[in-house]
>>> print(open('data.tsv').read())   # TSV, C-alpha atoms
chain	number	residue	atom	x	y	z
A	1	MET	CA	22.96	-112.82	78.97
A	2	GLU	CA	21.43	-112.55	82.42
A	3	TYR	CA	20.79	-108.90	81.88
A	4	ILE	CA	18.94	-109.60	78.66
A	5	SER	CA	16.87	-112.36	80.20
A	6	ILE	CA	15.80	-110.10	83.08
A	7	MET	CA	14.75	-107.46	80.61
A	8	PHE	CA	12.42	-109.72	78.62
A	9	MET	CA	11.10	-111.71	81.59
A	10	GLN	CA	7.73	-110.03	81.67
A	11	GLY	CA	7.43	-109.23	78.00
A	12	LEU	CA	8.46	-106.18	76.09
A	13	SER	CA	7.57	-102.95	77.89
A	14	PHE	CA	6.49	-99.79	76.16
A	15	LEU	CA	9.63	-97.89	76.94
A	16	GLU	CA	11.86	-100.67	75.73
A	17	LEU	CA	9.92	-100.86	72.50
A	18	LYS	CA	10.45	-97.16	72.08
A	19	TYR	CA	14.19	-97.43	72.61
A	20	HIS	CA	14.51	-100.31	70.22
A	21	THR	CA	12.56	-98.62	67.48
A	22	LEU	CA	14.51	-95.41	67.91
A	23	LEU	CA	17.75	-97.30	67.77
A	24	SER	CA	16.78	-99.21	64.67
A	25	TYR	CA	15.60	-96.00	63.05
A	26	LEU	CA	18.92	-94.33	63.73
A	27	ILE	CA	20.85	-97.29	62.36
A	28	ASN	CA	18.83	-97.39	59.18
A	29	LEU	CA	19.07	-93.63	58.77
A	30	SER	CA	22.82	-93.65	59.15
A	31	HIS	CA	23.00	-96.43	56.53
A	32	VAL	CA	21.03	-94.31	54.07
A	33	VAL	CA	23.22	-91.27	54.76
A	34	LEU	CA	26.35	-93.35	54.23
A	35	ARG	CA	25.14	-94.63	50.90
A	36	LYS	CA	24.22	-91.14	49.72
A	37	VAL	CA	27.51	-89.66	50.82
A	38	SER	CA	29.44	-92.36	48.97
A	39	GLY	CA	27.48	-91.63	45.82
A	40	ALA	CA	25.38	-94.82	45.62
A	41	SER	CA	21.63	-94.61	44.89
A	42	ILE	CA	19.04	-95.60	47.43
A	43	TYR	CA	16.43	-96.71	44.88
A	44	ASN	CA	14.55	-99.83	46.03
A	45	GLU	CA	16.70	-100.13	49.11
A	46	PRO	CA	15.18	-102.37	51.81
A	47	CYS	CA	16.32	-99.97	54.47
A	48	ILE	CA	13.91	-97.34	53.14
A	49	ASP	CA	11.00	-99.69	53.76
A	50	ARG	CA	12.32	-100.41	57.20
A	51	LEU	CA	12.61	-96.71	57.90
A	52	VAL	CA	9.05	-96.11	56.85
A	53	GLU	CA	7.84	-98.96	59.03
A	54	LEU	CA	9.75	-97.72	62.05
A	55	ARG	CA	8.48	-94.21	61.45
A	56	THR	CA	4.86	-95.33	61.56
A	57	VAL	CA	5.52	-97.24	64.77
A	58	LEU	CA	7.01	-94.14	66.31
A	59	GLU	CA	4.03	-92.06	65.22
A	60	ARG	CA	1.72	-94.56	66.88
A	61	LEU	CA	3.79	-94.45	70.03
A	62	ARG	CA	3.66	-90.69	70.32
A	63	PRO	CA	0.17	-90.16	71.84
A	64	ILE	CA	0.73	-92.93	74.39
A	65	ASP	CA	4.05	-91.37	75.19
A	66	LYS	CA	2.38	-88.03	75.73
A	67	ARG	CA	-0.02	-89.54	78.23
A	68	LEU	CA	2.76	-91.22	80.15
A	69	LYS	CA	5.02	-88.18	80.02
A	70	TYR	CA	3.91	-86.68	83.33
A	71	GLN	CA	4.26	-89.86	85.30
A	72	ILE	CA	7.64	-90.67	83.82
A	73	ASP	CA	8.93	-87.17	84.54
A	74	LYS	CA	7.73	-87.38	88.10
A	75	LEU	CA	9.42	-90.73	88.65
A	76	VAL	CA	12.62	-89.57	87.07
A	77	LYS	CA	12.61	-86.48	89.26
A	78	THR	CA	12.15	-88.49	92.42
A	79	ALA	CA	14.86	-90.92	91.33
A	80	VAL	CA	17.24	-88.07	90.62
A	81	THR	CA	16.59	-86.09	93.78
A	82	GLY	CA	16.40	-89.21	95.93
A	83	GLU	CA	13.37	-88.00	98.00
A	84	SER	CA	10.57	-90.48	97.79
A	85	SER	CA	9.34	-90.47	101.38
A	86	ASP	CA	7.64	-87.09	101.10
A	87	ALA	CA	4.09	-87.95	99.99
A	88	SER	CA	3.13	-84.34	99.35
A	89	SER	CA	5.43	-84.30	96.35
A	90	PHE	CA	2.88	-86.47	94.58
A	91	ARG	CA	-0.02	-84.06	95.09
A	92	ALA	CA	-1.84	-82.53	92.14
A	93	ASN	CA	-0.50	-79.39	90.56
A	94	PRO	CA	-3.45	-77.43	89.29
A	95	ASP	CA	-1.32	-75.08	87.24
A	96	ASN	CA	-0.37	-77.95	84.96
A	97	MET	CA	-3.98	-78.79	84.31
A	98	VAL	CA	-4.77	-75.57	82.48
A	99	SER	CA	-3.66	-75.82	78.89
A	100	LYS	CA	-2.05	-72.53	77.91
A	101	LEU	CA	-2.46	-73.11	74.19
A	102	ASP	CA	-6.16	-73.92	74.13
A	103	GLU	CA	-7.46	-70.83	75.98
A	104	ASP	CA	-9.10	-69.22	72.97
A	105	ALA	CA	-10.85	-72.39	71.97
A	106	ASP	CA	-12.21	-72.82	75.51
A	107	GLU	CA	-13.65	-69.30	75.62
A	108	ASN	CA	-15.54	-69.80	72.39
A	109	GLU	CA	-16.92	-73.06	73.66
A	110	ASP	CA	-18.19	-71.41	76.85
A	111	GLU	CA	-19.99	-68.68	74.96
A	112	ASP	CA	-21.70	-71.17	72.71
A	113	ALA	CA	-22.76	-73.24	75.67
A	114	ALA	CA	-24.14	-70.15	77.43
A	115	THR	CA	-26.21	-69.03	74.47
A	116	GLU	CA	-27.50	-72.53	74.06
A	117	LYS	CA	-28.63	-72.69	77.67
A	118	LYS	CA	-30.38	-69.31	77.46
A	119	SER	CA	-33.08	-70.83	75.32
A	120	VAL	CA	-34.25	-73.16	78.08
A	121	TYR	CA	-34.65	-71.46	81.44
A	122	VAL	CA	-34.32	-73.72	84.45
A	123	PRO	CA	-35.38	-71.97	87.65
A	124	PRO	CA	-33.11	-72.43	90.65
A	125	LYS	CA	-34.30	-74.96	93.19
A	126	LEU	CA	-34.17	-73.03	96.43
A	127	ALA	CA	-37.05	-74.18	98.57
A	128	PRO	CA	-36.76	-77.64	100.11
A	129	VAL	CA	-39.31	-80.07	98.76
A	130	ARG	CA	-40.34	-83.38	100.13
A	131	TYR	CA	-38.36	-86.24	98.64
A	132	ASP	CA	-40.45	-89.21	97.66
A	133	GLY	CA	-38.19	-90.88	95.18
A	134	ASP	CA	-37.52	-93.87	97.38
A	135	GLU	CA	-41.18	-94.49	98.02
A	136	SER	CA	-42.52	-97.36	95.97
A	137	ALA	CA	-45.87	-97.17	94.26
A	138	ALA	CA	-47.33	-99.75	96.60
A	139	SER	CA	-46.39	-97.87	99.75
A	140	ARG	CA	-47.79	-94.66	98.29
A	141	GLN	CA	-51.08	-96.35	97.55
A	142	GLU	CA	-51.09	-97.67	101.07
A	143	LYS	CA	-50.56	-94.22	102.51
A	144	LEU	CA	-53.29	-92.73	100.36
A	145	LEU	CA	-55.67	-95.45	101.45
A	146	GLU	CA	-54.73	-94.85	105.06
A	147	ARG	CA	-55.41	-91.15	104.76
A	148	ALA	CA	-58.71	-91.72	103.00
A	149	LYS	CA	-59.77	-94.09	105.75
A	150	ARG	CA	-58.94	-91.57	108.42
A	151	ARG	CA	-60.88	-88.90	106.60
A	152	ALA	CA	-63.82	-91.22	106.17
A	153	LEU	CA	-63.86	-92.09	109.85
A	154	SER	CA	-64.11	-88.46	110.82
A	155	SER	CA	-66.75	-87.52	108.26
A	156	ALA	CA	-70.15	-86.18	109.32
A	157	MET	CA	-72.09	-89.32	108.48
A	158	VAL	CA	-69.81	-91.58	110.45
A	159	ARG	CA	-69.92	-89.21	113.38
A	160	GLU	CA	-73.69	-89.27	113.43
A	161	LEU	CA	-73.72	-93.05	113.25
A	162	ARG	CA	-71.26	-93.16	116.10
A	163	GLU	CA	-73.51	-90.94	118.18
A	164	GLU	CA	-76.45	-93.16	117.43
A	165	PHE	CA	-74.94	-96.53	118.14
A	166	LEU	CA	-72.20	-95.99	120.69
A	167	ASP	CA	-72.86	-95.38	124.39
A	168	ALA	CA	-70.53	-92.44	124.74
A	169	PRO	CA	-72.16	-89.27	126.08
A	170	THR	CA	-73.00	-86.65	123.48
A	171	GLU	CA	-70.84	-83.55	123.50
A	172	LEU	CA	-72.80	-80.35	123.23
A	173	GLY	CA	-71.77	-76.81	122.74
A	174	SER	CA	-68.65	-77.41	120.70
A	175	ARG	CA	-67.21	-74.07	119.79
A	176	VAL	CA	-67.12	-73.26	116.12
A	177	ASP	CA	-64.55	-70.54	116.43
A	178	SER	CA	-61.62	-72.36	117.91
A	179	GLY	CA	-62.95	-75.89	118.02
A	180	ALA	CA	-64.29	-76.03	114.51
A	181	GLY	CA	-63.28	-79.40	113.13
A	182	PRO	CA	-64.00	-82.81	114.63
A	183	SER	CA	-60.53	-82.92	116.10
A	184	GLY	CA	-60.66	-79.49	117.67
A	185	PRO	CA	-59.26	-76.32	116.19
A	186	SER	CA	-57.60	-76.59	112.82
A	187	LYS	CA	-53.89	-76.07	112.45
A	188	GLU	CA	-54.41	-72.51	111.29
A	189	ASP	CA	-56.60	-71.66	114.21
A	190	ARG	CA	-54.20	-73.18	116.64
A	191	GLU	CA	-51.31	-71.22	115.16
A	192	ARG	CA	-53.25	-67.99	115.30
A	193	GLN	CA	-54.20	-68.61	118.89
A	194	GLU	CA	-50.63	-69.30	119.86
A	195	TYR	CA	-49.41	-66.20	118.10
A	196	GLU	CA	-52.00	-64.01	119.75
A	197	GLU	CA	-51.24	-65.35	123.20
A	198	THR	CA	-47.51	-65.03	122.81
A	199	TYR	CA	-47.47	-61.52	121.45
A	200	PHE	CA	-50.49	-60.16	123.31
A	201	THR	CA	-52.15	-58.83	120.17
A	202	ARG	CA	-55.32	-59.61	118.32
A	203	LEU	CA	-54.93	-60.36	114.66
A	204	PRO	CA	-57.68	-58.92	112.46
A	205	GLU	CA	-60.23	-61.30	110.98
A	206	THR	CA	-59.53	-62.18	107.38
A	207	LYS	CA	-62.17	-62.00	104.67
A	208	ASP	CA	-62.58	-65.74	104.27
A	209	LYS	CA	-62.74	-66.23	108.00
A	210	ARG	CA	-65.59	-63.74	108.17
A	211	LYS	CA	-67.38	-65.49	105.34
A	212	LYS	CA	-66.96	-68.78	107.11
A	213	ARG	CA	-68.41	-67.30	110.22
A	214	LYS	CA	-71.44	-65.98	108.39
A	215	LEU	CA	-72.01	-69.08	106.26
A	216	PRO	CA	-70.21	-71.95	107.89
A	217	THR	CA	-71.38	-74.75	105.63
A	218	ILE	CA	-71.14	-72.91	102.35
A	219	GLY	CA	-68.76	-75.14	100.43
A	220	SER	CA	-68.89	-78.34	102.35
A	221	LEU	CA	-72.46	-79.31	103.17
A	222	ALA	CA	-73.41	-80.76	99.81
A	223	ASN	CA	-70.16	-82.68	99.53
A	224	GLU	CA	-70.55	-84.10	102.99
A	225	LEU	CA	-74.00	-85.33	102.28
A	226	THR	CA	-73.19	-86.92	98.95
A	227	ASN	CA	-69.75	-88.41	99.55
A	228	PHE	CA	-70.63	-90.91	102.22
A	229	GLU	CA	-70.94	-93.79	99.81
A	230	SER	CA	-67.35	-93.53	98.64
A	231	ASP	CA	-66.22	-93.07	102.24
A	232	PHE	CA	-67.78	-96.33	103.32
A	233	ARG	CA	-66.26	-98.14	100.39
A	234	VAL	CA	-62.86	-96.89	101.42
A	235	LEU	CA	-63.36	-98.08	104.98
A	236	GLU	CA	-63.94	-101.57	103.76
A	237	GLY	CA	-60.81	-101.30	101.69
A	238	GLU	CA	-62.58	-102.03	98.44
A	239	VAL	CA	-62.12	-99.09	96.18
A	240	MET	CA	-59.02	-97.01	95.76
A	241	PRO	CA	-59.61	-93.39	96.60
A	242	THR	CA	-59.96	-91.36	93.44
A	243	LYS	CA	-58.62	-87.84	93.30
A	244	LYS	CA	-61.29	-85.19	93.63
A	245	ARG	CA	-61.48	-83.53	90.25
A	246	LYS	CA	-61.75	-79.80	90.05
A	247	SER	CA	-64.80	-78.47	88.25
A	248	SER	CA	-64.65	-79.57	84.65
A	249	LYS	CA	-63.63	-77.24	81.87
A	250	LYS	CA	-66.18	-74.71	80.85
A	251	PRO	CA	-67.95	-75.77	77.71
A	252	THR	CA	-66.82	-73.41	75.01
A	253	GLY	CA	-69.95	-73.82	73.02
A	254	LYS	CA	-70.28	-73.70	69.32
A	255	LYS	CA	-69.31	-70.09	68.87
A	256	GLY	CA	-66.22	-68.62	70.37
A	257	LYS	CA	-65.30	-64.97	70.62
A	258	LYS	CA	-66.62	-62.56	68.02
A	259	GLY	CA	-68.99	-65.14	66.69
A	260	PHE	CA	-66.41	-67.32	64.98
A	261	LYS	CA	-67.32	-70.92	64.96
A	262	LYS	CA	-64.75	-73.20	66.51
A	263	ARG	CA	-63.64	-75.94	64.21
A	264	LYS	CA	-62.84	-78.59	66.75
A	265	SER	CA	-65.39	-79.19	69.43
A	266	ARG	CA	-64.04	-80.06	72.84
B	1	MET	CA	-62.91	-66.62	142.09
B	2	THR	CA	-66.59	-66.64	141.28
B	3	GLU	CA	-69.33	-64.13	141.42
B	4	GLY	CA	-72.67	-65.30	140.25
B	5	THR	CA	-71.47	-67.92	137.85
B	6	ALA	CA	-68.46	-66.24	136.25
B	7	THR	CA	-65.04	-67.75	136.71
B	8	ILE	CA	-61.77	-66.06	135.94
B	9	ARG	CA	-58.70	-68.12	135.21
B	10	THR	CA	-55.29	-66.92	134.16
B	11	ARG	CA	-52.93	-68.73	131.85
B	12	LYS	CA	-49.41	-68.15	130.59
B	13	PHE	CA	-48.48	-65.99	133.51
B	14	MET	CA	-45.16	-64.25	133.06
B	15	SER	CA	-43.36	-61.62	135.08
B	16	ASN	CA	-41.89	-59.19	132.57
B	17	ARG	CA	-39.10	-57.41	134.44
B	18	LEU	CA	-38.07	-55.40	131.40
B	19	LEU	CA	-41.37	-53.57	131.43
B	20	ASN	CA	-41.93	-53.86	135.17
B	21	ARG	CA	-45.17	-55.73	134.91
B	22	LYS	CA	-46.82	-59.11	135.07
B	23	GLN	CA	-48.63	-60.27	132.00
B	24	MET	CA	-51.09	-63.12	131.53
B	25	VAL	CA	-53.86	-64.49	129.40
B	26	VAL	CA	-57.22	-64.13	131.11
B	27	ASP	CA	-59.99	-66.69	130.57
B	28	VAL	CA	-63.46	-65.74	131.75
B	29	ILE	CA	-66.07	-68.49	131.86
B	30	HIS	CA	-69.64	-67.20	132.04
B	31	PRO	CA	-72.10	-69.77	130.78
B	32	GLY	CA	-75.50	-68.37	129.92
B	33	GLN	CA	-74.48	-64.74	130.44
B	34	ALA	CA	-73.20	-61.94	128.30
B	35	SER	CA	-69.50	-61.23	128.48
B	36	ILE	CA	-68.31	-59.59	131.68
B	37	ALA	CA	-67.36	-55.91	131.80
B	38	LYS	CA	-63.67	-55.07	131.88
B	39	THR	CA	-63.97	-53.12	135.13
B	40	VAL	CA	-65.34	-56.18	136.89
B	41	ILE	CA	-62.54	-58.28	135.56
B	42	ARG	CA	-60.01	-55.73	136.78
B	43	GLU	CA	-61.40	-55.86	140.27
B	44	LYS	CA	-61.30	-59.61	140.26
B	45	LEU	CA	-57.69	-59.63	139.16
B	46	ALA	CA	-56.84	-57.04	141.81
B	47	LYS	CA	-58.16	-59.39	144.46
B	48	MET	CA	-56.39	-62.38	142.99
B	49	TYR	CA	-52.99	-60.74	142.66
B	50	LYS	CA	-53.27	-58.28	145.53
B	51	ALA	CA	-52.48	-55.29	143.39
B	52	PRO	CA	-54.24	-51.91	143.20
B	53	ALA	CA	-56.89	-51.98	140.52
B	54	ASP	CA	-55.61	-48.86	138.78
B	55	THR	CA	-52.35	-50.57	137.79
B	56	ILE	CA	-54.25	-53.37	136.07
B	57	PHE	CA	-54.96	-53.09	132.36
B	58	VAL	CA	-57.05	-55.65	130.48
B	59	PHE	CA	-57.77	-55.68	126.79
B	60	GLY	CA	-58.41	-57.82	123.72
B	61	PHE	CA	-61.41	-59.78	124.96
B	62	LYS	CA	-62.94	-62.11	122.40
B	63	THR	CA	-65.93	-64.27	123.13
B	64	ALA	CA	-65.86	-67.72	121.60
B	65	PHE	CA	-68.68	-68.67	119.25
B	66	GLY	CA	-71.65	-69.95	121.12
B	67	GLY	CA	-70.90	-67.88	124.17
B	68	GLY	CA	-69.82	-68.95	127.63
B	69	LYS	CA	-66.09	-68.30	127.34
B	70	THR	CA	-64.13	-65.11	126.76
B	71	THR	CA	-60.39	-64.84	126.37
B	72	GLY	CA	-58.32	-61.69	126.75
B	73	PHE	CA	-55.04	-60.33	128.00
B	74	GLY	CA	-54.12	-58.71	131.29
B	75	LEU	CA	-51.18	-56.63	132.47
B	76	ILE	CA	-50.42	-55.70	136.08
B	77	TYR	CA	-47.85	-52.93	136.45
B	78	ASP	CA	-45.67	-52.48	139.52
B	79	THR	CA	-46.61	-48.85	139.94
B	80	LEU	CA	-48.85	-46.38	138.18
B	81	ASP	CA	-45.80	-44.43	136.97
B	82	PHE	CA	-44.53	-47.43	135.07
B	83	ALA	CA	-47.98	-47.89	133.65
B	84	LYS	CA	-48.08	-44.31	132.40
B	85	LYS	CA	-44.66	-44.76	130.91
B	86	PHE	CA	-45.20	-48.05	129.08
B	87	GLU	CA	-48.86	-48.29	128.21
B	88	PRO	CA	-50.10	-47.01	124.88
B	89	LYS	CA	-52.10	-43.83	125.05
B	90	TYR	CA	-55.41	-45.30	124.04
B	91	ARG	CA	-55.42	-47.72	126.96
B	92	LEU	CA	-54.53	-44.93	129.37
B	93	ALA	CA	-57.36	-42.92	127.89
B	94	ARG	CA	-59.76	-45.76	128.69
B	95	HIS	CA	-58.80	-45.36	132.34
B	96	GLY	CA	-58.98	-41.61	132.21
B	97	LEU	CA	-55.25	-41.10	132.69
B	98	TYR	CA	-54.71	-39.41	129.38
B	99	GLU	CA	-56.60	-36.88	127.35
B	100	ARG	CA	-55.88	-36.68	123.67
B	101	PRO	CA	-55.97	-33.23	122.06
B	102	LYS	CA	-59.38	-32.45	120.65
B	103	THR	CA	-58.11	-30.76	117.51
B	104	THR	CA	-58.96	-32.59	114.39
B	105	ARG	CA	-56.39	-33.41	111.78
B	106	LYS	CA	-57.88	-30.94	109.35
B	107	GLN	CA	-57.64	-28.11	111.81
B	108	ARG	CA	-54.07	-28.88	112.62
B	109	LYS	CA	-53.11	-28.86	108.99
B	110	GLU	CA	-54.90	-25.58	108.38
B	111	ARG	CA	-53.13	-24.01	111.30
B	112	LYS	CA	-49.80	-25.16	109.99
B	113	ASN	CA	-50.53	-23.71	106.57
B	114	ARG	CA	-51.49	-20.37	108.10
B	115	MET	CA	-48.27	-20.32	110.08
B	116	LYS	CA	-46.30	-20.92	106.90
B	117	LYS	CA	-47.33	-17.51	105.61
B	118	VAL	CA	-45.92	-15.60	108.56
B	119	ARG	CA	-42.34	-15.27	109.83
B	120	GLY	CA	-41.07	-15.17	113.42
B	121	THR	CA	-43.01	-14.58	116.61
B	122	LYS	CA	-46.12	-13.64	114.66
B	123	LYS	CA	-46.68	-17.35	114.08
B	124	THR	CA	-48.17	-17.94	117.49
B	125	LYS	CA	-50.53	-14.97	117.09
B	126	VAL	CA	-51.68	-16.24	113.75
B	127	GLY	CA	-52.32	-19.70	115.09
B	128	ALA	CA	-54.30	-18.59	118.13
B	129	ALA	CA	-56.30	-15.92	116.34
B	130	ALA	CA	-57.33	-17.93	113.33
B	131	ALA	CA	-58.24	-21.01	115.32
B	132	LYS	CA	-61.08	-19.13	116.95
B	133	LYS	CA	-62.85	-18.82	113.62
>>> encode(input="data.tsv", output="structure tokens")
Amino acid sequence: MEYISIMFMQGLSFLELKYHTLLSYLINLSHVVLRKVSGASIYNEPCIDRLVELRTVLERLRPIDKRLKYQIDKLVKTAVTGESSDASSFRANPDNMVSKLDEDADENEDEDAATEKKSVYVPPKLAPVRYDGDESAASRQEKLLERAKRRALSSAMVRELREEFLDAPTELGSRVDSGAGPSGPSKEDRERQEYEETYFTRLPETKDKRKKRKLPTIGSLANELTNFESDFRVLEGEVMPTKKRKSSKKPTGKKGKKGFKKRKSR
Amino acid sequence: MTEGTATIRTRKFMSNRLLNRKQMVVDVIHPGQASIAKTVIREKLAKMYKAPADTIFVFGFKTAFGGGKTTGFGLIYDTLDFAKKFEPKYRLARHGLYERPKTTRKQRKERKNRMKKVRGTKKTKVGAAAAKK
């Protein structure tokens, strides 16, 4: 009686259920066999219904049993051999993970997956790129504003105003070659200088550098003269800096190539 | 060191033991004048570093826009032999220590093609004779 009470103390466990159902099934089966052997019919016997019921329960138990199989086997093995202190005996066994029956199915799946992926080419991400996922929109706006302010402060108009109103002595003879920008030589120029001085060579002048030398204000003069309004606005912190748009799309006109009229006008 | 109003300063001085020389970046400041001749700069450097002027090689002088400052490179070899060994031929030629052959490329190729037609010791005769043409 004690033994039974200990067994059912925490409810009926899975394994116990399995044993009980198996036992009942065997009993009922042996009853049916006995009846058949002694010549009696088993039509409308209650034990048939019981057998069917127990059979369904066993069927339901089977997948759960399969999942527990590994663990139970492991525990039984350790109980039998008596070694439970060795922790490495519980490590994963990768050979058991590969299913030997399903190899063909897996290969077919891989091929299908490969052909599916071929349709969309994703280039490999090799070069490191700045990560700005953690930056909130507000902080980004702040940084943009900050940069715009700095640019505005060093623009030509502001520099001229500074010269006019401040008492600092005017600086003449600033070199255009190496001291081009308001803050001295640009990063490119500085790098070139360093390279030349380290390796004792002179790098040849590139085409755009030559053009810049011949026509120094070619691309920038008009912009400098006309952008000062937006710069001042930015300094006061009023307007958000808008991105400089590239030159707008060429107007295609009414007639496209070969004289065909375009249906939709842009 | 000044002469007139030109100043020579050296930067990034390094003693290159592998090539037995001292190398530096030379800054010449000459406000209101044209850039200084290389021979003058060599003499100045000779006085500054107490080295014979023929072991000093300067090159690569670029004047900054607006004038007044010129930057170039300078090398001071330990001896003239090392200089002849390590310097490129064109810089030696500037000092008169090397004469490049006067034959043009075309002539050399023609000579080679003439020599191709002949076998053995006759090659030298062919080369010398035909070159006089």
>>> closest_residue(input="data.tsv", among="B:Leu45, B:Lys38, B:Gly67, B:His30", to="chain A", atoms="all atoms listed in the file")
B:Gly67
>>> atom_distance(input="data.tsv", atom1="CA of Thr103 (chain B)", atom2="CA of Lys125 (chain B)")
17.5 Å
>>> atom_distance(input="data.tsv", atom1="CA of Ser186 (chain A)", atom2="CA of Lys149 (chain A)")
19.0 Å
>>> residues_around(input="data.tsv", residues="region 13-29 of chain B", least_positions_apart="4", cutoff="9 Å", atoms="all atoms listed in the file", output="PyMOL selection string")
(chain A and resi 197+200) or (chain B and resi 5-9+35-36+41+58+61+68-79+82-83+86)
>>> atom_distance(input="data.tsv", atom1="CA of Val57 (chain A)", atom2="CA of Leu22 (chain A)")
9.7 Å
>>> closest_residue(input="data.tsv", among="B:Arg105, B:Phe59, B:Gly66, B:Glu99", to="Arg213 (chain A)", atoms="only C-alpha atoms")
B:Gly66
>>> residues_around(input="data.tsv", residues="Tyr98 (chain B)", least_positions_apart="6", cutoff="12 Å", atoms="only C-alpha atoms", output="count of residues only")
9
>>> residues_around(input="data.tsv", residues="Asn28 (chain A)", least_positions_apart="6", cutoff="9 Å", atoms="only C-alpha atoms", output="list in words")
Cys47, Ile48, Arg50 and Leu51 of chain A
>>> write_last_selection(input="data.tsv", atoms="C-alpha atoms", output="short mmCIF file (atom, residue, chain, number, x, y, z; two decimals), in the frame of the given file")
data_model
loop_
_atom_site.label_atom_id
_atom_site.label_comp_id
_atom_site.auth_asym_id
_atom_site.auth_seq_id
_atom_site.Cartn_x
_atom_site.Cartn_y
_atom_site.Cartn_z
CA CYS A 47 16.32 -99.97 54.47
CA ILE A 48 13.91 -97.34 53.14
CA ARG A 50 12.32 -100.41 57.20
CA LEU A 51 12.61 -96.71 57.90
#
>>> residues_around(input="data.tsv", residues="Glu205 (chain A)", least_positions_apart="6", cutoff="12 Å", atoms="only C-alpha atoms", output="PyMOL selection string")
(chain A and resi 177+189+192+211-213) or (chain B and resi 62)
>>> closest_residue(input="data.tsv", among="A:Leu15, A:Leu29, A:Asp208, A:Lys100", to="Ile64 (chain A)", atoms="all atoms listed in the file")
A:Leu15
>>> closest_residue(input="data.tsv", among="A:Leu144, A:Leu203, A:Leu166, A:Leu225", to="chain B", atoms="all atoms listed in the file")
A:Leu203
>>> closest_residue(input="data.tsv", among="A:Tyr121, A:Phe232, A:Tyr70, A:Tyr199", to="chain B", atoms="only C-alpha atoms")
A:Tyr199
